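Printed here is my_file_23.pdb (PDB, C-alpha atoms):
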```
MODEL        1
ATOM      1  CA  GLU A   1     -46.485-111.424 -38.620  1.00  0.00           C
ATOM      2  CA  LYS A   2     -43.251-112.515 -36.951  1.00  0.00           C
ATOM      3  CA  ASP A   3     -41.726-113.307 -40.337  1.00  0.00           C
ATOM      4  CA  LYS A   4     -42.662-109.857 -41.603  1.00  0.00           C
ATOM      5  CA  GLU A   5     -41.024-108.239 -38.585  1.00  0.00           C
ATOM      6  CA  LYS A   6     -37.868-110.268 -39.170  1.00  0.00           C
ATOM      7  CA  ASP A   7     -37.827-109.219 -42.819  1.00  0.00           C
ATOM      8  CA  LYS A   8     -38.181-105.565 -41.805  1.00  0.00           C
ATOM      9  CA  GLU A   9     -35.274-105.897 -39.375  1.00  0.00           C
ATOM     10  CA  LYS A  10     -33.133-107.509 -42.086  1.00  0.00           C
ATOM     11  CA  ASP A  11     -33.965-104.673 -44.498  1.00  0.00           C
ATOM     12  CA  LYS A  12     -32.984-102.106 -41.854  1.00  0.00           C
ATOM     13  CA  GLU A  13     -29.637-103.843 -41.332  1.00  0.00           C
ATOM     14  CA  LYS A  14     -29.025-103.895 -45.089  1.00  0.00           C
ATOM     15  CA  ASP A  15     -29.789-100.182 -45.303  1.00  0.00           C
ATOM     16  CA  LYS A  16     -27.340 -99.506 -42.479  1.00  0.00           C
ATOM     17  CA  ASP A  17     -24.652-101.477 -44.300  1.00  0.00           C
ATOM     18  CA  LYS A  18     -25.323 -99.550 -47.497  1.00  0.00           C
ATOM     19  CA  ASP A  19     -25.044 -96.251 -45.626  1.00  0.00           C
ATOM     20  CA  LYS A  20     -21.729 -97.321 -44.092  1.00  0.00           C
ATOM     21  CA  PHE A  21     -20.427 -98.287 -47.523  1.00  0.00           C
ATOM     22  CA  LYS A  22     -21.501 -94.937 -48.975  1.00  0.00           C
ATOM     23  CA  GLU A  23     -19.763 -93.055 -46.166  1.00  0.00           C
ATOM     24  CA  ARG A  24     -16.608 -95.094 -46.760  1.00  0.00           C
ATOM     25  CA  GLU A  25     -16.786 -94.290 -50.480  1.00  0.00           C
ATOM     26  CA  LYS A  26     -16.888 -90.572 -49.703  1.00  0.00           C
ATOM     27  CA  THR A  27     -13.649 -90.750 -47.721  1.00  0.00           C
ATOM     28  CA  THR A  28     -11.822 -93.272 -49.895  1.00  0.00           C
ATOM     29  CA  ALA A  29      -9.518 -92.105 -52.668  1.00  0.00           C
ATOM     30  CA  PRO A  30     -10.216 -93.159 -56.285  1.00  0.00           C
ATOM     31  CA  GLY A  31      -8.834 -96.608 -57.037  1.00  0.00           C
ATOM     32  CA  GLY A  32      -9.035 -97.763 -53.438  1.00  0.00           C
ATOM     33  CA  PRO A  33      -7.942 -96.632 -49.963  1.00  0.00           C
ATOM     34  CA  GLN A  34      -4.527 -94.994 -49.662  1.00  0.00           C
ATOM     35  CA  THR A  35      -4.206 -94.548 -45.903  1.00  0.00           C
ATOM     36  CA  LEU A  36      -3.011 -97.083 -43.322  1.00  0.00           C
ATOM     37  CA  HIS A  37      -3.802 -97.266 -39.610  1.00  0.00           C
ATOM     38  CA  ILE A  38      -0.711 -98.516 -37.722  1.00  0.00           C
ATOM     39  CA  THR A  39      -0.871-100.051 -34.235  1.00  0.00           C
ATOM     40  CA  GLY A  40       1.620-101.894 -32.016  1.00  0.00           C
ATOM     41  CA  LEU A  41       3.997 -98.915 -31.959  1.00  0.00           C
ATOM     42  CA  PRO A  42       6.669 -98.618 -29.247  1.00  0.00           C
ATOM     43  CA  PRO A  43       5.542 -96.492 -26.284  1.00  0.00           C
ATOM     44  CA  GLY A  44       7.086 -93.053 -25.944  1.00  0.00           C
ATOM     45  CA  ILE A  45       7.700 -92.433 -29.644  1.00  0.00           C
ATOM     46  CA  GLN A  46       7.367 -88.955 -31.116  1.00  0.00           C
ATOM     47  CA  GLN A  47       6.411 -87.631 -34.543  1.00  0.00           C
ATOM     48  CA  LYS A  48      10.069 -87.302 -35.539  1.00  0.00           C
ATOM     49  CA  ASP A  49      10.582 -91.021 -34.797  1.00  0.00           C
ATOM     50  CA  LEU A  50       7.634 -91.883 -37.024  1.00  0.00           C
ATOM     51  CA  ASP A  51       9.069 -89.638 -39.756  1.00  0.00           C
ATOM     52  CA  ASN A  52      12.397 -91.488 -39.565  1.00  0.00           C
ATOM     53  CA  PHE A  53      10.576 -94.805 -39.769  1.00  0.00           C
ATOM     54  CA  VAL A  54       8.766 -93.644 -42.912  1.00  0.00           C
ATOM     55  CA  ARG A  55      11.975 -92.372 -44.533  1.00  0.00           C
ATOM     56  CA  ASN A  56      13.954 -95.525 -43.798  1.00  0.00           C
ATOM     57  CA  THR A  57      11.188 -97.979 -44.641  1.00  0.00           C
ATOM     58  CA  PHE A  58       9.511 -96.533 -47.733  1.00  0.00           C
ATOM     59  CA  ARG A  59      11.665 -93.719 -49.163  1.00  0.00           C
ATOM     60  CA  ARG A  60       9.124 -93.122 -51.943  1.00  0.00           C
ATOM     61  CA  GLY A  61       5.371 -93.065 -52.196  1.00  0.00           C
ATOM     62  CA  CYS A  62       4.406 -91.930 -48.687  1.00  0.00           C
ATOM     63  CA  THR A  63       2.713 -88.526 -48.701  1.00  0.00           C
ATOM     64  CA  GLY A  64       2.882 -87.978 -44.947  1.00  0.00           C
ATOM     65  CA  SER A  65       2.207 -89.352 -41.494  1.00  0.00           C
ATOM     66  CA  LYS A  66       0.272 -88.521 -38.354  1.00  0.00           C
ATOM     67  CA  LEU A  67       1.010 -89.821 -34.849  1.00  0.00           C
ATOM     68  CA  ASP A  68      -1.639 -90.135 -32.166  1.00  0.00           C
ATOM     69  CA  ALA A  69       0.129 -90.853 -28.871  1.00  0.00           C
ATOM     70  CA  THR A  70      -2.160 -89.353 -26.248  1.00  0.00           C
ATOM     71  CA  LEU A  71      -1.949 -90.652 -22.685  1.00  0.00           C
ATOM     72  CA  ALA A  72      -5.408 -92.173 -22.895  1.00  0.00           C
ATOM     73  CA  ARG A  73      -4.474 -94.820 -25.474  1.00  0.00           C
ATOM     74  CA  ALA A  74      -1.611 -96.799 -26.917  1.00  0.00           C
ATOM     75  CA  PRO A  75       0.247 -94.935 -29.698  1.00  0.00           C
ATOM     76  CA  ARG A  76      -1.103 -95.319 -33.215  1.00  0.00           C
ATOM     77  CA  ALA A  77      -0.287 -93.704 -36.519  1.00  0.00           C
ATOM     78  CA  PHE A  78      -1.753 -92.948 -39.926  1.00  0.00           C
ATOM     79  CA  LEU A  79       0.301 -93.127 -43.125  1.00  0.00           C
ATOM     80  CA  GLY A  80      -0.856 -91.701 -46.436  1.00  0.00           C
ATOM     81  CA  PHE A  81       0.366 -92.972 -49.814  1.00  0.00           C
ATOM     82  CA  LYS A  82       0.259 -91.716 -53.396  1.00  0.00           C
ATOM     83  CA  THR A  83      -1.677 -94.710 -54.741  1.00  0.00           C
ATOM     84  CA  HIS A  84      -3.708 -97.637 -53.473  1.00  0.00           C
ATOM     85  CA  LYS A  85      -1.136-100.050 -54.901  1.00  0.00           C
ATOM     86  CA  LEU A  86       1.681 -98.467 -52.872  1.00  0.00           C
ATOM     87  CA  ALA A  87      -0.470 -98.425 -49.741  1.00  0.00           C
ATOM     88  CA  ASP A  88      -1.404-102.080 -50.172  1.00  0.00           C
ATOM     89  CA  LYS A  89       2.244-103.082 -50.591  1.00  0.00           C
ATOM     90  CA  ALA A  90       3.154-101.089 -47.474  1.00  0.00           C
ATOM     91  CA  ARG A  91       0.329-102.787 -45.567  1.00  0.00           C
ATOM     92  CA  HIS A  92       1.815-106.207 -46.306  1.00  0.00           C
ATOM     93  CA  ASP A  93       5.360-104.989 -45.527  1.00  0.00           C
ATOM     94  CA  ILE A  94       4.398-103.467 -42.171  1.00  0.00           C
ATOM     95  CA  ASN A  95       2.288-106.343 -40.847  1.00  0.00           C
ATOM     96  CA  GLY A  96       4.515-108.357 -38.528  1.00  0.00           C
ATOM     97  CA  LEU A  97       7.407-105.885 -38.783  1.00  0.00           C
ATOM     98  CA  GLU A  98       9.295-105.366 -35.517  1.00  0.00           C
ATOM     99  CA  TRP A  99      10.148-101.895 -34.252  1.00  0.00           C
ATOM    100  CA  GLU A 100      12.300-101.889 -31.116  1.00  0.00           C
ATOM    101  CA  GLY A 101      10.862-105.245 -30.102  1.00  0.00           C
ATOM    102  CA  HIS A 102       7.222-104.322 -30.803  1.00  0.00           C
ATOM    103  CA  VAL A 103       5.287-106.056 -33.582  1.00  0.00           C
ATOM    104  CA  LEU A 104       3.432-103.655 -35.886  1.00  0.00           C
ATOM    105  CA  ARG A 105       0.016-104.169 -37.424  1.00  0.00           C
ATOM    106  CA  ALA A 106      -1.318-102.278 -40.449  1.00  0.00           C
ATOM    107  CA  ASP A 107      -4.987-101.981 -41.399  1.00  0.00           C
ATOM    108  CA  TRP A 108      -6.929 -99.718 -43.722  1.00  0.00           C
ATOM    109  CA  ALA A 109      -7.850 -96.430 -42.051  1.00  0.00           C
ATOM    110  CA  ARG A 110     -11.497 -95.366 -41.959  1.00  0.00           C
ATOM    111  CA  SER A 111     -10.718 -92.071 -43.688  1.00  0.00           C
ATOM    112  CA  GLU A 112      -7.990 -90.769 -45.989  1.00  0.00           C
ATOM    113  CA  TYR A 113      -4.943 -88.860 -44.736  1.00  0.00           C
ATOM    114  CA  ARG A 114      -4.786 -85.244 -45.861  1.00  0.00           C
ATOM    115  CA  PRO A 115      -1.434 -83.377 -45.572  1.00  0.00           C
ATOM    116  CA  PRO A 116      -1.589 -80.100 -43.587  1.00  0.00           C
ATOM    117  CA  GLN A 117      -1.824 -76.947 -45.701  1.00  0.00           C
ATOM    118  CA  ASN A 118       1.292 -75.367 -44.170  1.00  0.00           C
ATOM    119  CA  HIS A 119       4.023 -78.012 -44.304  1.00  0.00           C
ATOM    120  CA  ALA A 120       6.783 -75.816 -42.923  1.00  0.00           C
ATOM    121  CA  ALA A 121       4.832 -74.903 -39.792  1.00  0.00           C
ATOM    122  CA  THR A 122       4.093 -78.475 -38.807  1.00  0.00           C
ATOM    123  CA  PRO A 123       6.004 -79.300 -35.605  1.00  0.00           C
ATOM    124  CA  SER A 124       7.317 -82.719 -34.599  1.00  0.00           C
ATOM    125  CA  THR A 125       5.395 -83.467 -31.413  1.00  0.00           C
ATOM    126  CA  THR A 126       4.105 -86.438 -29.482  1.00  0.00           C
ATOM    127  CA  ALA A 127       0.727 -86.106 -31.136  1.00  0.00           C
ATOM    128  CA  GLY A 128       0.895 -84.304 -34.444  1.00  0.00           C
ATOM    129  CA  SER A 129       1.362 -84.833 -38.128  1.00  0.00           C
ATOM    130  CA  SER A 130       4.050 -84.503 -40.750  1.00  0.00           C
ATOM    131  CA  ALA A 131       3.523 -83.981 -44.442  1.00  0.00           C
ATOM    132  CA  ALA A 132       7.186 -84.454 -45.184  1.00  0.00           C
ATOM    133  CA  GLY A 133       6.352 -84.884 -48.845  1.00  0.00           C
ATOM    134  CA  ALA A 134       8.155 -87.034 -51.370  1.00  0.00           C
ATOM    135  CA  ALA A 135      11.289 -84.851 -51.527  1.00  0.00           C
ATOM    136  CA  GLU A 136      11.986 -84.872 -47.785  1.00  0.00           C
ATOM    137  CA  ILE A 137      11.151 -88.545 -47.388  1.00  0.00           C
ATOM    138  CA  GLU A 138      13.384 -89.519 -50.281  1.00  0.00           C
ATOM    139  CA  GLU A 139      16.380 -87.292 -49.555  1.00  0.00           C
ATOM    140  CA  SER A 140      16.573 -86.722 -45.787  1.00  0.00           C
ATOM    141  CA  THR A 141      17.601 -90.211 -44.706  1.00  0.00           C
ATOM    142  CA  THR A 142      19.815 -91.006 -41.739  1.00  0.00           C
ATOM    143  CA  ARG A 143      20.946 -94.612 -41.370  1.00  0.00           C
ATOM    144  CA  CYS A 144      22.854 -95.217 -38.150  1.00  0.00           C
ATOM    145  CA  THR A 145      20.898 -98.168 -36.696  1.00  0.00           C
ATOM    146  CA  LEU A 146      21.915-101.761 -37.375  1.00  0.00           C
ATOM    147  CA  GLN A 147      20.129-105.008 -36.604  1.00  0.00           C
ATOM    148  CA  PHE A 148      22.075-107.977 -35.210  1.00  0.00           C
ATOM    149  CA  ARG A 149      20.223-111.222 -35.941  1.00  0.00           C
ATOM    150  CA  ASN A 150      20.716-114.831 -34.872  1.00  0.00           C
ATOM    151  CA  LEU A 151      22.709-114.085 -31.719  1.00  0.00           C
ATOM    152  CA  PRO A 152      23.740-117.081 -29.539  1.00  0.00           C
ATOM    153  CA  SER A 153      20.609-118.641 -28.060  1.00  0.00           C
ATOM    154  CA  ASP A 154      21.874-118.418 -24.474  1.00  0.00           C
ATOM    155  CA  TYR A 155      23.199-114.867 -24.850  1.00  0.00           C
ATOM    156  CA  SER A 156      22.027-112.309 -22.279  1.00  0.00           C
ATOM    157  CA  GLU A 157      21.603-108.565 -22.675  1.00  0.00           C
ATOM    158  CA  ALA A 158      24.567-107.973 -20.350  1.00  0.00           C
ATOM    159  CA  GLN A 159      26.778-110.218 -22.490  1.00  0.00           C
ATOM    160  CA  PHE A 160      25.690-108.428 -25.658  1.00  0.00           C
ATOM    161  CA  ASN A 161      26.379-105.008 -24.144  1.00  0.00           C
ATOM    162  CA  GLN A 162      29.828-106.231 -23.122  1.00  0.00           C
ATOM    163  CA  PHE A 163      30.418-107.462 -26.678  1.00  0.00           C
ATOM    164  CA  LEU A 164      29.452-104.016 -28.007  1.00  0.00           C
ATOM    165  CA  GLN A 165      31.782-102.230 -25.600  1.00  0.00           C
ATOM    166  CA  ASP A 166      34.695-104.571 -26.325  1.00  0.00           C
ATOM    167  CA  THR A 167      34.211-104.498 -30.109  1.00  0.00           C
ATOM    168  CA  PHE A 168      32.940-101.014 -30.967  1.00  0.00           C
ATOM    169  CA  GLY A 169      33.702 -98.960 -27.867  1.00  0.00           C
ATOM    170  CA  SER A 170      32.336 -95.436 -27.634  1.00  0.00           C
ATOM    171  CA  THR A 171      30.922 -95.478 -31.179  1.00  0.00           C
ATOM    172  CA  VAL A 172      27.786 -97.179 -29.791  1.00  0.00           C
ATOM    173  CA  VAL A 173      25.096 -94.698 -28.730  1.00  0.00           C
ATOM    174  CA  CYS A 174      22.553 -97.222 -27.431  1.00  0.00           C
ATOM    175  CA  SER A 175      21.138-100.687 -28.034  1.00  0.00           C
ATOM    176  CA  ASN A 176      17.906-102.641 -27.691  1.00  0.00           C
ATOM    177  CA  PHE A 177      18.232-106.363 -26.969  1.00  0.00           C
ATOM    178  CA  LYS A 178      15.340-108.799 -27.380  1.00  0.00           C
ATOM    179  CA  GLY A 179      15.809-112.379 -26.284  1.00  0.00           C
ATOM    180  CA  ASP A 180      13.336-114.884 -24.873  1.00  0.00           C
ATOM    181  CA  ALA A 181      14.542-118.470 -24.605  1.00  0.00           C
ATOM    182  CA  THR A 182      10.968-119.708 -24.145  1.00  0.00           C
ATOM    183  CA  ASP A 183       9.879-118.954 -27.719  1.00  0.00           C
ATOM    184  CA  GLY A 184      12.732-120.924 -29.305  1.00  0.00           C
ATOM    185  CA  ARG A 185      13.941-118.042 -31.448  1.00  0.00           C
ATOM    186  CA  PRO A 186      17.509-116.688 -31.206  1.00  0.00           C
ATOM    187  CA  PRO A 187      17.973-113.244 -29.650  1.00  0.00           C
ATOM    188  CA  ILE A 188      17.945-110.167 -31.840  1.00  0.00           C
ATOM    189  CA  ALA A 189      19.268-106.670 -31.144  1.00  0.00           C
ATOM    190  CA  TRP A 190      19.254-103.167 -32.569  1.00  0.00           C
ATOM    191  CA  VAL A 191      22.292-100.926 -32.184  1.00  0.00           C
ATOM    192  CA  LEU A 192      22.492 -97.191 -32.832  1.00  0.00           C
ATOM    193  CA  PHE A 193      25.953 -95.963 -33.851  1.00  0.00           C
ATOM    194  CA  GLU A 194      27.282 -92.411 -33.603  1.00  0.00           C
ATOM    195  CA  SER A 195      27.385 -91.772 -37.353  1.00  0.00           C
ATOM    196  CA  GLU A 196      26.424 -93.183 -40.737  1.00  0.00           C
ATOM    197  CA  GLN A 197      30.110 -93.738 -41.529  1.00  0.00           C
ATOM    198  CA  VAL A 198      30.608 -95.933 -38.460  1.00  0.00           C
ATOM    199  CA  ALA A 199      27.430 -97.903 -39.205  1.00  0.00           C
ATOM    200  CA  SER A 200      28.607 -98.407 -42.794  1.00  0.00           C
ATOM    201  CA  GLU A 201      31.993 -99.675 -41.617  1.00  0.00           C
ATOM    202  CA  VAL A 202      30.365-102.092 -39.152  1.00  0.00           C
ATOM    203  CA  VAL A 203      28.086-103.531 -41.849  1.00  0.00           C
ATOM    204  CA  ALA A 204      31.045-104.012 -44.179  1.00  0.00           C
ATOM    205  CA  ALA A 205      33.216-105.704 -41.532  1.00  0.00           C
ATOM    206  CA  TYR A 206      30.563-107.692 -39.639  1.00  0.00           C
ATOM    207  CA  GLU A 207      27.946-108.490 -42.285  1.00  0.00           C
ATOM    208  CA  SER A 208      28.236-112.155 -41.298  1.00  0.00           C
ATOM    209  CA  PHE A 209      30.434-113.389 -38.439  1.00  0.00           C
ATOM    210  CA  ARG A 210      30.711-116.107 -35.805  1.00  0.00           C
ATOM    211  CA  LEU A 211      29.932-115.332 -32.176  1.00  0.00           C
ATOM    212  CA  GLU A 212      30.222-118.218 -29.700  1.00  0.00           C
ATOM    213  CA  GLY A 213      29.250-120.712 -32.389  1.00  0.00           C
ATOM    214  CA  ALA A 214      26.330-118.734 -33.799  1.00  0.00           C
ATOM    215  CA  LYS A 215      26.400-117.211 -37.294  1.00  0.00           C
ATOM    216  CA  VAL A 216      25.339-113.627 -36.649  1.00  0.00           C
ATOM    217  CA  THR A 217      24.193-111.372 -39.497  1.00  0.00           C
ATOM    218  CA  VAL A 218      24.215-107.570 -39.432  1.00  0.00           C
ATOM    219  CA  ARG A 219      21.879-105.490 -41.571  1.00  0.00           C
ATOM    220  CA  TYR A 220      20.578-101.956 -41.641  1.00  0.00           C
ATOM    221  CA  SER A 221      17.474-101.582 -39.492  1.00  0.00           C
ATOM    222  CA  ARG A 222      14.271-100.485 -41.208  1.00  0.00           C
ATOM    223  CA  SER A 223      13.801 -97.760 -38.601  1.00  0.00           C
ATOM    224  CA  GLU A 224      16.075 -95.526 -36.538  1.00  0.00           C
ATOM    225  CA  MET A 225      16.368 -95.950 -32.784  1.00  0.00           C
ATOM    226  CA  ILE A 226      15.646 -93.197 -30.284  1.00  0.00           C
ATOM    227  CA  PRO A 227      18.985 -92.266 -28.636  1.00  0.00           C
ATOM    228  CA  ARG A 228      19.371 -93.392 -25.040  1.00  0.00           C
ATOM    229  CA  LYS A 229      22.267 -94.689 -22.949  1.00  0.00           C
ATOM    230  CA  VAL A 230      23.368 -98.294 -23.189  1.00  0.00           C
ATOM    231  CA  PRO A 231      22.219-100.120 -20.024  1.00  0.00           C
ATOM    232  CA  GLY A 232      25.070-100.184 -17.510  1.00  0.00           C
ATOM    233  CA  GLU A 233      26.739 -96.974 -18.696  1.00  0.00           C
ATOM    234  CA  ALA A 234      27.499 -94.249 -16.175  1.00  0.00           C
TER     235      ALA A 234
ENDMDL
END
```
Take the structure from the file and write it as structure tokens.
Amino acid sequence: EKDKEKDKEKDKEKDKDKDKFKEREKTTAPGGPQTLHITGLPPGIQQKDLDNFVRNTFRRGCTGSKLDATLARAPRAFLGFKTHKLADKARHDINGLEWEGHVLRADWARSEYRPPQNHAATPSTTAGSSAAGAAEIEESTTRCTLQFRNLPSDYSEAQFNQFLQDTFGSTVVCSNFKGDATDGRPPIAWVLFESEQVASEVVAAYESFRLEGAKVTVRYSRSEMIPRKVPGEA
């Protein structure tokens, strides 16, 4: 009798699993899932910041994004893609990617992203959605943020800010410095410049340079920073 009861319980569990799979099939696009669930986002971001991230990181293939940044939970986002192949590639690209010092994680969403019917009326808010569409994502791209990698291991944020002021002056809008001597990795920083032209000139002149013995490299960041004052500015 006990064995029969166990078998019945097992059958019930199997049925539940089948039902879950069927529900997932209903919400999954043909060819495989096309929507990613993104966590590990920087606190305080808005929909427009997510849109910039999408434009700078993917350019093509993303059909839209939705940010959920309510006060009750850490910010998360959903990204929709044209095909499963593009979504899967993006999933691998995003996992472990750093955004303003925060490490992102990408998983398959439980349901597929659907762009809003009225694209033009969609506002950029803290919790909202943007169906920017391929044209906007591909063409409306601002690139003013640069990433400084492999800074001197004993460099502090104050020293880096002084370097920025001495070297680039008022062309720097803000910066984000990440350095922790305990993990053994050299500091890294993101710098937002006042224009694309200035950022382009900095990349050309400082693509690879020596700073207190360290070989620093400068590249375009994969996402744009949110403007704020450089620490220490009046």
Discussion item. Running the PyMOL selection byres ((chain A and resi 196) around 6) on this model by hand, what would come out? Give it as a list of chain:residue names.
Written reply: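 Against this file, the PyMOL selection byres ((chain A and resi 196) around 6) returns the residues A:Arg143, A:Cys144, A:Ser195, A:Gln197, A:Val198, A:Ala199.
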Worksheet item: What is the distance between atom CA of Phe148 of chain A and atom CA of Asp51 of chain A, in Å to one decimal?
Response: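 Those two atoms sit 22.9 Å apart.
Candidate residues A:Gln34, A:Asn52, A:Gln47, A:Ser221 were compared for distance to Ala69 of chain A, and the nearest is A:Gln47, using all atoms listed in the file.
Here atom CA of Val172 of chain A stands at a distance of 11.9 Å from atom CA of Met225 of chain A.
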Worksheet item: Which residue, A:Tyr113, A:Trp190, A:Phe58, A:Trp99, has the smallest gap to Phe78 of chain A when you use only C-alpha atoms?
Response: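 The shortest atom-to-atom distance to Phe78 of chain A comes from A:Tyr113.
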Practice prompt. Could you tell me which of A:Asn150, A:Ser223, A:Thr35, A:Thr217 comes closest to Arg110 of chain A if we count only C-alpha atoms?
Written response: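 So, comparing all the options, the nearest one is A:Thr35.
Residue nearest Ile45 of chain A within the list A:Ala77, A:Ile94, A:Cys174, A:Val218: A:Ala77 [criterion: smallest interatomic distance, all atoms listed in the file].
Of the listed residues A:Ala109, A:Ala204, A:Lys82, A:Ile226, the one whose atoms come nearest to Thr145 of chain A is A:Ile226, with distances taken using all atoms listed in the file.
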Worksheet item: Which polymer residues have any atom within 10 Å of an atom of segment 101-104 of chain A, counting only C-alpha atoms, with same-chain residues fewer than 6 positions away left out, as a PyMOL selection string?
Response: chain A and resi 38-43+76+93-95+176-179+188-190
Item to complete: Just give me the gap between atom CA of Val173 of chain A and atom CA of Pro75 of chain A in Å, one decimal is fine.
Response: 24.9 Å
